[in-house]
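So this block is start-v9.pdb, PDB, C-alpha atoms:
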ATOM      1  CA  MET A   1     -27.088-108.567 -38.537
ATOM      2  CA  THR A   2     -26.112-105.056 -38.063
ATOM      3  CA  LEU A   3     -25.725-104.320 -41.715
ATOM      4  CA  PRO A   4     -29.344-104.797 -42.584
ATOM      5  CA  LEU A   5     -30.295-102.584 -39.715
ATOM      6  CA  PHE A   6     -28.026 -99.845 -40.982
ATOM      7  CA  LEU A   7     -29.403-100.098 -44.432
ATOM      8  CA  ALA A   8     -32.921 -99.926 -43.149
ATOM      9  CA  ALA A   9     -32.082 -96.869 -41.106
ATOM     10  CA  ALA A  10     -30.414 -95.257 -44.121
ATOM     11  CA  VAL A  11     -33.411 -95.863 -46.348
ATOM     12  CA  GLU A  12     -35.715 -94.544 -43.696
ATOM     13  CA  HIS A  13     -33.530 -91.496 -43.237
ATOM     14  CA  ALA A  14     -33.364 -90.858 -46.981
ATOM     15  CA  ALA A  15     -37.111 -90.997 -47.169
ATOM     16  CA  LYS A  16     -37.456 -88.215 -44.582
ATOM     17  CA  PRO A  17     -37.212 -84.639 -45.901
ATOM     18  CA  GLY A  18     -33.901 -82.757 -45.053
ATOM     19  CA  ILE A  19     -33.424 -79.547 -43.151
ATOM     20  CA  SER A  20     -33.323 -77.457 -46.292
ATOM     21  CA  GLU A  21     -36.640 -78.913 -47.497
ATOM     22  CA  ARG A  22     -38.198 -78.742 -44.077
ATOM     23  CA  PHE A  23     -37.354 -74.992 -43.566
ATOM     24  CA  GLY A  24     -37.532 -73.999 -47.232
ATOM     25  CA  LEU A  25     -33.912 -73.069 -47.556
ATOM     26  CA  ASP A  26     -32.533 -72.720 -50.985
ATOM     27  CA  PRO A  27     -28.721 -72.622 -51.279
ATOM     28  CA  LYS A  28     -28.709 -69.899 -53.970
ATOM     29  CA  TYR A  29     -30.736 -67.566 -51.675
ATOM     30  CA  ILE A  30     -28.443 -68.253 -48.762
ATOM     31  CA  VAL A  31     -25.404 -67.351 -50.897
ATOM     32  CA  MET A  32     -27.124 -64.133 -52.078
ATOM     33  CA  GLN A  33     -28.023 -63.182 -48.501
ATOM     34  CA  VAL A  34     -24.453 -63.828 -47.340
ATOM     35  CA  ILE A  35     -23.162 -61.624 -50.192
ATOM     36  CA  SER A  36     -25.744 -58.885 -49.354
ATOM     37  CA  PHE A  37     -24.801 -59.111 -45.690
ATOM     38  CA  LEU A  38     -21.096 -58.781 -46.573
ATOM     39  CA  ILE A  39     -21.841 -55.728 -48.773
ATOM     40  CA  VAL A  40     -23.893 -54.074 -46.007
ATOM     41  CA  LEU A  41     -21.170 -54.956 -43.510
ATOM     42  CA  PHE A  42     -18.512 -53.406 -45.808
ATOM     43  CA  VAL A  43     -20.576 -50.223 -46.355
ATOM     44  CA  LEU A  44     -21.287 -49.885 -42.628
ATOM     45  CA  TYR A  45     -17.647 -50.472 -41.799
ATOM     46  CA  LYS A  46     -16.386 -48.056 -44.469
ATOM     47  CA  PHE A  47     -18.853 -45.226 -43.855
ATOM     48  CA  GLY A  48     -20.052 -45.801 -40.306
ATOM     49  CA  ILE A  49     -17.779 -47.771 -38.038
ATOM     50  CA  LYS A  50     -14.420 -46.590 -39.415
ATOM     51  CA  PRO A  51     -15.202 -42.794 -39.165
ATOM     52  CA  VAL A  52     -16.762 -43.268 -35.724
ATOM     53  CA  THR A  53     -13.732 -45.177 -34.448
ATOM     54  CA  ALA A  54     -11.408 -42.591 -36.046
ATOM     55  CA  THR A  55     -13.358 -39.787 -34.335
ATOM     56  CA  MET A  56     -13.294 -41.658 -31.048
ATOM     57  CA  ASP A  57      -9.545 -42.282 -31.405
ATOM     58  CA  GLU A  58      -8.976 -38.592 -32.164
ATOM     59  CA  ARG A  59     -11.105 -37.514 -29.186
ATOM     60  CA  THR A  60      -9.254 -39.966 -26.988
ATOM     61  CA  ARG A  61      -5.978 -38.525 -28.234
ATOM     62  CA  LYS A  62      -7.196 -34.944 -27.633
ATOM     63  CA  ILE A  63      -8.388 -35.845 -24.156
ATOM     64  CA  ALA A  64      -5.033 -37.483 -23.398
ATOM     65  CA  ASP A  65      -3.230 -34.394 -24.774
ATOM     66  CA  GLY A  66      -5.497 -32.153 -22.684
ATOM     67  CA  LEU A  67      -4.768 -34.200 -19.566
ATOM     68  CA  ARG A  68      -1.033 -34.049 -20.248
ATOM     69  CA  TYR A  69      -1.308 -30.306 -20.846
ATOM     70  CA  ALA A  70      -3.293 -29.905 -17.607
ATOM     71  CA  GLU A  71      -0.678 -31.904 -15.706
ATOM     72  CA  ASP A  72       2.098 -29.800 -17.257
ATOM     73  CA  MET A  73       0.253 -26.613 -16.370
ATOM     74  CA  LYS A  74      -0.339 -27.888 -12.842
ATOM     75  CA  ALA A  75       3.378 -28.628 -12.483
ATOM     76  CA  LYS A  76       4.253 -25.204 -13.909
ATOM     77  CA  LEU A  77       1.719 -23.554 -11.592
ATOM     78  CA  GLU A  78       3.226 -25.301  -8.578
ATOM     79  CA  ALA A  79       6.720 -24.307  -9.715
ATOM     80  CA  THR A  80       5.550 -20.722 -10.233
ATOM     81  CA  GLN A  81       3.882 -20.673  -6.824
ATOM     82  CA  GLN A  82       7.056 -21.963  -5.201
ATOM     83  CA  GLU A  83       9.099 -19.411  -7.108
ATOM     84  CA  SER A  84       6.744 -16.569  -6.154
ATOM     85  CA  ALA A  85       6.802 -17.737  -2.518
ATOM     86  CA  ALA A  86      10.614 -17.726  -2.633
ATOM     87  CA  LEU A  87      10.566 -14.260  -4.211
ATOM     88  CA  LEU A  88       8.164 -13.028  -1.533
ATOM     89  CA  ARG A  89      10.403 -14.427   1.205
ATOM     90  CA  GLN A  90      13.441 -12.788  -0.397
ATOM     91  CA  ALA A  91      11.567  -9.494  -0.830
ATOM     92  CA  SER A  92      10.458  -9.664   2.796
ATOM     93  CA  LEU A  93      14.042 -10.249   3.905
ATOM     94  CA  ASP A  94      15.268  -7.401   1.696
ATOM     95  CA  ALA A  95      12.548  -5.101   3.023
ATOM     96  CA  SER A  96      13.388  -5.962   6.617
ATOM     97  CA  LYS A  97      17.075  -5.314   5.894
ATOM     98  CA  LEU A  98      16.173  -1.951   4.350
ATOM     99  CA  VAL A  99      14.012  -1.069   7.345
ATOM    100  CA  ASP A 100      16.806  -2.073   9.726
ATOM    101  CA  GLU A 101      19.329  -0.022   7.734
ATOM    102  CA  ALA A 102      16.940   2.944   7.679
ATOM    103  CA  ARG A 103      16.446   2.671  11.441
ATOM    104  CA  LYS A 104      20.194   2.440  11.979
ATOM    105  CA  THR A 105      20.804   5.416   9.676
ATOM    106  CA  ALA A 106      18.077   7.417  11.418
ATOM    107  CA  LYS A 107      19.518   6.518  14.838
ATOM    108  CA  ASP A 108      23.019   7.479  13.697
ATOM    109  CA  TYR A 109      21.667  10.727  12.258
ATOM    110  CA  LEU A 110      19.767  11.463  15.465
ATOM    111  CA  ASP A 111      22.786  10.614  17.636
ATOM    112  CA  ARG A 112      25.095  12.757  15.502
ATOM    113  CA  HIS A 113      22.719  15.722  15.544
ATOM    114  CA  THR A 114      22.089  15.257  19.258
ATOM    115  CA  GLN A 115      25.826  15.355  19.875
ATOM    116  CA  GLU A 116      26.221  18.367  17.596
ATOM    117  CA  THR A 117      23.336  20.131  19.344
ATOM    118  CA  ALA A 118      24.750  19.261  22.760
ATOM    119  CA  ALA A 119      28.135  20.609  21.671
ATOM    120  CA  LYS A 120      26.520  23.801  20.354
ATOM    121  CA  VAL A 121      24.496  24.220  23.538
ATOM    122  CA  SER A 122      27.536  23.667  25.728
ATOM    123  CA  ASP A 123      29.507  26.091  23.539
ATOM    124  CA  MET A 124      26.687  28.629  23.789
ATOM    125  CA  LEU A 125      26.558  28.139  27.561
ATOM    126  CA  ALA A 126      30.318  28.646  27.820
ATOM    127  CA  LYS A 127      30.137  31.747  25.648
ATOM    128  CA  GLY A 128      27.145  32.973  27.655
ATOM    129  CA  ARG A 129      29.030  32.446  30.918
ATOM    130  CA  GLN A 130      32.063  34.251  29.509
ATOM    131  CA  GLN A 131      29.876  37.089  28.277
ATOM    132  CA  LEU A 132      28.065  37.185  31.610
ATOM    133  CA  ASP A 133      31.401  37.265  33.434
ATOM    134  CA  LEU A 134      32.653  40.045  31.146
ATOM    135  CA  ASP A 135      29.410  41.967  31.558
ATOM    136  CA  GLN A 136      29.595  41.515  35.335
ATOM    137  CA  ARG A 137      33.216  42.753  35.415
ATOM    138  CA  LYS A 138      32.357  45.690  33.208
ATOM    139  CA  MET A 139      29.302  46.482  35.296
ATOM    140  CA  MET A 140      31.382  46.250  38.482
ATOM    141  CA  ALA A 141      34.023  48.509  36.961
ATOM    142  CA  ASP A 142      31.350  50.965  35.812
ATOM    143  CA  ALA A 143      29.698  50.782  39.216
ATOM    144  CA  ARG A 144      33.047  51.429  40.990
ATOM    145  CA  THR A 145      33.753  54.316  38.726
ATOM    146  CA  GLU A 146      30.286  55.771  39.248
ATOM    147  CA  ILE A 147      30.417  55.167  43.008
ATOM    148  CA  ALA A 148      33.858  56.769  43.162
ATOM    149  CA  ARG A 149      32.558  59.705  41.191
ATOM    150  CA  LEU A 150      29.516  59.995  43.437
ATOM    151  CA  VAL A 151      31.695  59.712  46.557
ATOM    152  CA  VAL A 152      34.017  62.342  45.186
ATOM    153  CA  VAL A 153      31.147  64.642  44.253
ATOM    154  CA  THR A 154      29.433  64.104  47.584
ATOM    155  CA  THR A 155      32.641  64.464  49.497
ATOM    156  CA  GLU A 156      33.485  67.500  47.475
ATOM    157  CA  ARG A 157      30.196  69.131  48.307
ATOM    158  CA  VAL A 158      30.476  68.275  51.955
ATOM    159  CA  LEU A 159      34.056  69.291  52.202
ATOM    160  CA  ALA A 160      33.953  72.156  49.770
ATOM    161  CA  GLN A 161      33.215  74.613  52.379
ATOM    162  CA  LYS A 162      35.750  73.593  54.983
ATOM    163  CA  LEU A 163      38.724  71.886  53.212
ATOM    164  CA  SER A 164      41.456  73.277  51.146
ATOM    165  CA  GLU A 165      42.260  72.143  47.636
ATOM    166  CA  ALA A 166      45.198  69.957  48.736
ATOM    167  CA  ASP A 167      43.105  68.152  51.357
ATOM    168  CA  ARG A 168      40.434  67.464  48.820
ATOM    169  CA  ALA A 169      42.862  65.938  46.370
ATOM    170  CA  SER A 170      44.304  63.608  49.007
ATOM    171  CA  TYR A 171      40.816  62.515  50.106
ATOM    172  CA  ASN A 172      39.850  61.883  46.507
ATOM    173  CA  GLU A 173      42.902  59.741  45.884
ATOM    174  CA  ALA A 174      42.375  57.735  49.066
ATOM    175  CA  ALA A 175      38.715  57.142  48.201
ATOM    176  CA  ALA A 176      39.619  56.037  44.667
ATOM    177  CA  ARG A 177      42.195  53.555  46.041
ATOM    178  CA  GLU A 178      39.695  52.200  48.527
ATOM    179  CA  LEU A 179      37.064  51.707  45.863
ATOM    180  CA  THR A 180      39.524  50.066  43.485
ATOM    181  CA  ASN A 181      40.402  47.479  46.096
ATOM    182  CA  VAL A 182      36.765  46.584  46.666
TER     183      VAL A 182
END

Structure rendered as C-alpha cells:
Amino acid sequence: MTLPLFLAAAVEHAAKPGISERFGLDPKYIVMQVISFLIVLFVLYKFGIKPVTATMDERTRKIADGLRYAEDMKAKLEATQQESAALLRQASLDASKLVDEARKTAKDYLDRHTQETAAKVSDMLAKGRQQLDLDQRKMMADARTEIARLVVVTTERVLAQKLSEADRASYNEAAARELTNV
C-alpha cells in the first residue's frame, strides 16, 4: 500500500517544474558566471588585495620598528639623563672641593701673611724702641754736654772777675763730674 503512494507522489513530483526551470537557471550560464567570478576574484586578489595587504604589512612593520626605535631612544634618553645627573653631582662635588681648597689656601695665605706682618711690625717696634732709646741716650748726652758747657760758660763769666785760673779749673771739673753723674 505504500508503494503505490510513493509512485503517485513521484509522478506528481516529476510533473512539477524543477528549480532550474522555475527560476530560469541554465547550467552553462552558471558555470560561465562561476568562471567569470573566479577570474575577477583572481584579478582583484593579484592587483588589489595582495598589494594592499603588502602595503599594510610594510606599514605595520615600519610602525613596529618606529615604536621599537622610540622605546630604544627613550631608554637611551633615560640613561643619558641619569648619566648627566651623575656628572652634575660629580661636578658639584668637585666644585665644592675646589672651593673648599681655595678657601683653605686663602686662609693659609692670610694667616701666613698676617704672621709675617705681625713679625715685621714687632721687629719694627723693637727697632723703633732701640732707635728711640739710642736717640734718647744721645740726646741726654748732648744735653749734658751742652748744659755742662753752659754751666762752665756761665760760671766762667760769673767767676771770671773774682777767681783765679786754678779755682776756675777745679770748679769746671767738679761741675763736669756732677753733670756726668746725673

Mind listing as a PyMOL selection string all residues within 10 Å of (38.7, 56.0, 47.2), counting all atoms listed in the file?
-> chain A and resi 144-145+147-149+151-152+170-182

Per-axis box centre and lengths in Å around segment 130-133 of chain A, 3 Å margin per side, axis-aligned, as AutoDock Vina command-line options:
--center_x 30.1 --center_y 35.8 --center_z 30.9 --size_x 10.0 --size_y 9.0 --size_z 11.2

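Atom CA of Asp167 of chain A sits 26.0 Å away from atom CA of Ala141 of chain A.
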
May I ask for the distance between atom CA of Met73 of chain A and atom CA of Arg59 of chain A, given in Å to one decimal place?
-> 20.3 Å

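Atom CA of Ala118 of chain A is positioned 22.0 Å from atom CA of Asp133 of chain A.
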